[in-house]
Amino acid sequence: MSSALLVLLLLSADPRGGVGATACWMSCQRHVQDPALRASLCQACITQGRPEGWLVALGHVRPVPREPLRSALTDEQWRVRWAAVRLTAKTRGASEPRALADWVLAAQGEAELAACLTAVRISAEAGRPPAAFLQKAGERGAAAAERIRARQEALREALTLELYAEDATVREEALSHLAVFLGLTPAQVALDAIEGRPESADAAVASALKAATERGPSSVGRMLLDAAVPANQARVNRLVALYSQEIQVLQGELASSDPVKRRSAVSALRPYGPLAQRELEQALNDPDRLVRQSAARGMARAEGFSLFEAAGRRLRTSAPLGAQLPWLEAVAREKSCQPALLAVASSPSQSPALRGEALALLAECDMAPRQRLDAASPFLRDPEALVRAGALRALGTGGAGGPELTGILTAGMEDPAPEVVAAAIEVAALRRQVRWGDAIAKRLLEGTPLVRQAAASALEHLGRPHHVKALAECLRQDTVAAIRVSAAQALGVLGGPFAVSALSEAVQRDGDTHVQHVSREALRRLGFQR
């Protein structure tokens, strides 16, 4: 492969130009002088995609050439230097900490700072200070750690400068490494970095700090609040002002009519924690369920609690169902949701409505169908109708089947409580139990609005041509607009001359504009333009 073609491939694979495959190619060209060896090693950059990729290929050469290894120790990228140390350790049959310690102790002048900086970085990657990382190197490790300690201020300054780098990844990495090296929180590292520097440069450090919290359970707001001692207050205020501007931009997306944009906005608000508490609290009332769930997670993070802890605190209050439901919905998306939901459902201190919602959300828990049935079954006989209804709804995505499901649905359809009947109809539709279509159609013209609504919605999935007459009558006669809307949607699926006639009549005569609109759309789906 020609050098020109290889460069072309590298640039197309790595459009950022400064990292990955392109950086690997440049490093390889710089440190490998032998033309034949260079041609062989530099091709590895295409598949490796990391700056140190060519050194991985060098490790397969026998014997390993020493000159490229020595040269790689002078590379500007610490990962290349560390890869050279690792390969040196392998060729010598020594441990990596020992090879690192020997390099730190042997380096002189500018090379000493690069060696110490590499030790600081790889130690931080392992989550340990250099002294702990080098401990396995014995006396040489202790001596190397002492040399690093003597250069602490120079090392701190070198890493602090990288907090202002153009590349966001470089900034985030520098912040993380400084925090481990100095034994400080990321927030304190950021606050120390901006001291004595112009406020116009604060955005770089602020972005690195926010990125650091995005990967963990905390939030940038919580970290700044914890660091807001009097000595830090002025610098904390500088960063808070920047974050407040970013939150203000997201407020516009939060007010969008597009739920996808609102979801994105709430997700972006979560790393701000307490700084975005007002916006997150508002999002808990959003009509979109995913927005509410994301807001609940953001609120938990803002308060410094796990989702389960924050939800437990909310559910122990006497708040209305609408305020508690987002927390239950968020819990239902967690891996260990079953015990938490069952604890709410079993609690006599909770309202029947909340207990029923907790049971219904078992349908969203990641659990085996039989496990879901076993969990919900005892509540099918609960004295509270809302609890029985919730237990039924838990089976909407699986659980019982065959005769077992038939028995459960039969009991639900015959229950005296309309909430339970409506839940049984809903489950029959979700489980595509076509045999219940006739019984459900009869409910269209009798019973409470709750049952009629459930029946009209179910027939969109379970309806057959002979159900059109009942749906048409429902569309013409029902006094509840929402039920007429559901009937129109079902007729738009079933079609036929009676459906077209009823829909046309609704377009012309129904007193509700939404019913008219839905009926018109149903006719359009059936091929009639009005």
# chains A, B, ... in the order shown; residues from 1 in each chain; ligands from 1

$ residues_around --residues "Ala332 of chain A" --least-positions-apart "4" --cutoff "12 Å" --atoms "only C-alpha atoms" --output "number ranges by chain"
A: 289-290, 293, 296-297, 307-308, 311, 325-328, 336-342, 344, 357-367, 394

$ residues_around --residues "Thr169 of chain A" --least-positions-apart "5" --cutoff "10 Å" --atoms "only C-alpha atoms" --output "list in words"
Leu163, Ala174, Ala208 and Ala211 of chain A

$ write_last_selection --atoms "C-alpha atoms" --output "mmCIF file, in the first residue's frame"
data_model
loop_
_atom_site.group_PDB
_atom_site.id
_atom_site.type_symbol
_atom_site.label_atom_id
_atom_site.label_comp_id
_atom_site.auth_asym_id
_atom_site.auth_seq_id
_atom_site.Cartn_x
_atom_site.Cartn_y
_atom_site.Cartn_z
ATOM 1 C CA LEU A 163 -7.821 22.117 31.195
ATOM 2 C CA ALA A 174 -6.730 16.372 32.627
ATOM 3 C CA ALA A 208 -14.717 19.697 31.661
ATOM 4 C CA ALA A 211 -18.493 16.279 31.511
#

$ residues_around --residues "segment 28-39 of chain A" --least-positions-apart "6" --cutoff "9 Å" --atoms "only C-alpha atoms" --output "MDAnalysis selection string"
chainID A and resid 1:3 45 51:55 58 67:72 75

$ write_last_selection --atoms "N, CA and C atoms" --output "CSV table (one decimal), in the first residue's frame"
chain,number,residue,atom,x,y,z
A,1,MET,N,0.9,-1.2,0.0
A,1,MET,CA,0.0,0.0,0.0
A,1,MET,C,0.9,1.2,0.0
A,2,SER,N,0.6,2.2,-0.9
A,2,SER,CA,1.4,3.4,-1.0
A,2,SER,C,1.2,4.3,0.2
A,3,SER,N,2.2,5.2,0.5
A,3,SER,CA,2.0,6.1,1.6
A,3,SER,C,0.9,7.1,1.4
A,45,CYS,N,-2.1,1.4,12.0
A,45,CYS,CA,-2.9,2.5,12.5
A,45,CYS,C,-4.3,2.5,12.0
A,51,PRO,N,-3.6,6.3,19.1
A,51,PRO,CA,-2.3,6.9,18.9
A,51,PRO,C,-1.2,5.9,19.1
A,52,GLU,N,-1.3,5.0,20.0
A,52,GLU,CA,-0.3,4.0,20.3
A,52,GLU,C,-0.4,2.7,19.6
A,53,GLY,N,-1.3,2.7,18.5
A,53,GLY,CA,-1.5,1.5,17.8
A,53,GLY,C,-0.3,0.8,17.2
A,54,TRP,N,0.6,1.7,16.7
A,54,TRP,CA,1.8,1.1,16.0
A,54,TRP,C,2.7,0.4,17.0
A,55,LEU,N,2.7,0.8,18.2
A,55,LEU,CA,3.5,0.1,19.2
A,55,LEU,C,2.9,-1.3,19.5
A,58,LEU,N,4.4,-3.2,16.9
A,58,LEU,CA,5.9,-3.4,17.2
A,58,LEU,C,6.1,-4.5,18.1
A,67,GLU,N,15.4,1.1,19.2
A,67,GLU,CA,15.4,2.5,18.9
A,67,GLU,C,14.0,3.2,18.8
A,68,PRO,N,13.0,2.5,18.1
A,68,PRO,CA,11.7,3.1,18.2
A,68,PRO,C,11.1,3.2,19.6
A,69,LEU,N,11.4,2.2,20.4
A,69,LEU,CA,10.9,2.3,21.8
A,69,LEU,C,11.5,3.5,22.5
A,70,ARG,N,12.8,3.7,22.4
A,70,ARG,CA,13.5,4.8,23.1
A,70,ARG,C,12.9,6.1,22.5
A,71,SER,N,12.7,6.2,21.2
A,71,SER,CA,12.1,7.4,20.7
A,71,SER,C,10.7,7.7,21.1
A,72,ALA,N,9.9,6.6,21.2
A,72,ALA,CA,8.5,6.8,21.6
A,72,ALA,C,8.3,7.3,23.0
A,75,ASP,N,7.5,11.0,23.0
A,75,ASP,CA,6.3,11.4,22.2
A,75,ASP,C,5.5,12.4,23.1

$ residues_around --residues "Arg432 of chain A" --least-positions-apart "4" --cutoff "12 Å" --atoms "only C-alpha atoms" --output "number ranges by chain"
A: 396-398, 401, 405, 425-428, 436-437, 458-463

$ atom_distance --atom1 "atom CA of Ala502 of chain A" --atom2 "atom CA of Pro449 of chain A"
20.5 Å

$ atom_distance --atom1 "atom CA of Leu134 of chain A" --atom2 "atom CA of Ala190 of chain A"
26.9 Å

$ residues_around --residues "Val220 of chain A" --least-positions-apart "2" --cutoff "8 Å" --atoms "only C-alpha atoms" --output "list in words"
Ala187, Leu209, Lys210, Thr213, Ser218, Arg222, Met223, Leu224, Pro271, Tyr272 and Gly273 of chain A

$ select_by_dssp --residues "segment 495-530 of chain A" --states "alpha helix (DSSP H)" --output "list in words"
Pro497, Phe498, Ala499, Val500, Ser501, Ala502, Leu503, Ser504, Glu505, Ala506, Val507, Gln508, Arg509, Thr513, His514, Val515, Gln516, His517, Val518, Ser519, Arg520, Glu521, Ala522, Leu523, Arg524 and Arg525 of chain A

$ write_last_selection --atoms "N, CA and C atoms" --output "short mmCIF file (atom, residue, chain, number, x, y, z; two decimals), in the first residue's frame"
data_model
loop_
_atom_site.label_atom_id
_atom_site.label_comp_id
_atom_site.auth_asym_id
_atom_site.auth_seq_id
_atom_site.Cartn_x
_atom_site.Cartn_y
_atom_site.Cartn_z
N PRO A 497 -68.65 -0.04 4.33
CA PRO A 497 -69.63 1.02 4.03
C PRO A 497 -70.28 1.61 5.27
N PHE A 498 -70.60 0.78 6.26
CA PHE A 498 -71.22 1.32 7.47
C PHE A 498 -70.25 2.23 8.23
N ALA A 499 -68.97 1.84 8.23
CA ALA A 499 -67.96 2.67 8.89
C ALA A 499 -67.83 4.01 8.17
N VAL A 500 -67.78 3.98 6.85
CA VAL A 500 -67.65 5.21 6.07
C VAL A 500 -68.85 6.13 6.31
N SER A 501 -70.04 5.54 6.33
CA SER A 501 -71.25 6.34 6.55
C SER A 501 -71.22 7.02 7.92
N ALA A 502 -70.85 6.26 8.96
CA ALA A 502 -70.82 6.83 10.32
C ALA A 502 -69.76 7.91 10.44
N LEU A 503 -68.60 7.67 9.83
CA LEU A 503 -67.52 8.66 9.90
C LEU A 503 -67.90 9.93 9.13
N SER A 504 -68.53 9.77 7.98
CA SER A 504 -68.95 10.93 7.19
C SER A 504 -69.96 11.77 7.96
N GLU A 505 -70.86 11.08 8.63
CA GLU A 505 -71.86 11.78 9.43
C GLU A 505 -71.20 12.55 10.58
N ALA A 506 -70.19 11.92 11.20
CA ALA A 506 -69.50 12.59 12.31
C ALA A 506 -68.76 13.83 11.83
N VAL A 507 -68.17 13.74 10.65
CA VAL A 507 -67.46 14.90 10.10
C VAL A 507 -68.42 16.08 9.93
N GLN A 508 -69.63 15.78 9.50
CA GLN A 508 -70.60 16.84 9.20
C GLN A 508 -71.38 17.32 10.43
N ARG A 509 -71.66 16.40 11.36
CA ARG A 509 -72.64 16.74 12.39
C ARG A 509 -72.13 16.74 13.82
N THR A 513 -65.03 19.40 17.70
CA THR A 513 -64.10 19.56 16.57
C THR A 513 -63.05 18.46 16.53
N HIS A 514 -62.66 17.95 17.70
CA HIS A 514 -61.65 16.88 17.70
C HIS A 514 -62.24 15.59 17.12
N VAL A 515 -63.48 15.29 17.46
CA VAL A 515 -64.15 14.12 16.88
C VAL A 515 -64.23 14.29 15.36
N GLN A 516 -64.56 15.49 14.91
CA GLN A 516 -64.63 15.74 13.47
C GLN A 516 -63.26 15.50 12.81
N HIS A 517 -62.22 16.02 13.45
CA HIS A 517 -60.87 15.87 12.88
C HIS A 517 -60.46 14.40 12.80
N VAL A 518 -60.67 13.65 13.88
CA VAL A 518 -60.28 12.24 13.89
C VAL A 518 -61.10 11.46 12.86
N SER A 519 -62.37 11.77 12.74
CA SER A 519 -63.22 11.09 11.75
C SER A 519 -62.75 11.40 10.33
N ARG A 520 -62.37 12.63 10.10
CA ARG A 520 -61.87 13.02 8.77
C ARG A 520 -60.58 12.27 8.45
N GLU A 521 -59.67 12.16 9.44
CA GLU A 521 -58.42 11.42 9.23
C GLU A 521 -58.70 9.94 8.99
N ALA A 522 -59.69 9.39 9.69
CA ALA A 522 -60.04 7.98 9.49
C ALA A 522 -60.54 7.74 8.07
N LEU A 523 -61.37 8.65 7.58
CA LEU A 523 -61.85 8.54 6.19
C LEU A 523 -60.69 8.64 5.20
N ARG A 524 -59.73 9.51 5.49
CA ARG A 524 -58.57 9.64 4.60
C ARG A 524 -57.78 8.34 4.56
N ARG A 525 -57.60 7.71 5.71
CA ARG A 525 -56.89 6.42 5.73
C ARG A 525 -57.63 5.35 4.94
#

$ closest_residue --among "A:Gly109, A:Gly183, A:Pro97, A:Gly138" --to "Trp82 of chain A" --atoms "only C-alpha atoms"
A:Pro97

$ residues_around --residues "Gly221 of chain A" --least-positions-apart "2" --cutoff "12 Å" --atoms "only C-alpha atoms" --output "ChimeraX atom specification"
/A:187,206,209-210,213-214,218-219,223-228,236-237,239-244,247,269-277,298-299,301-304
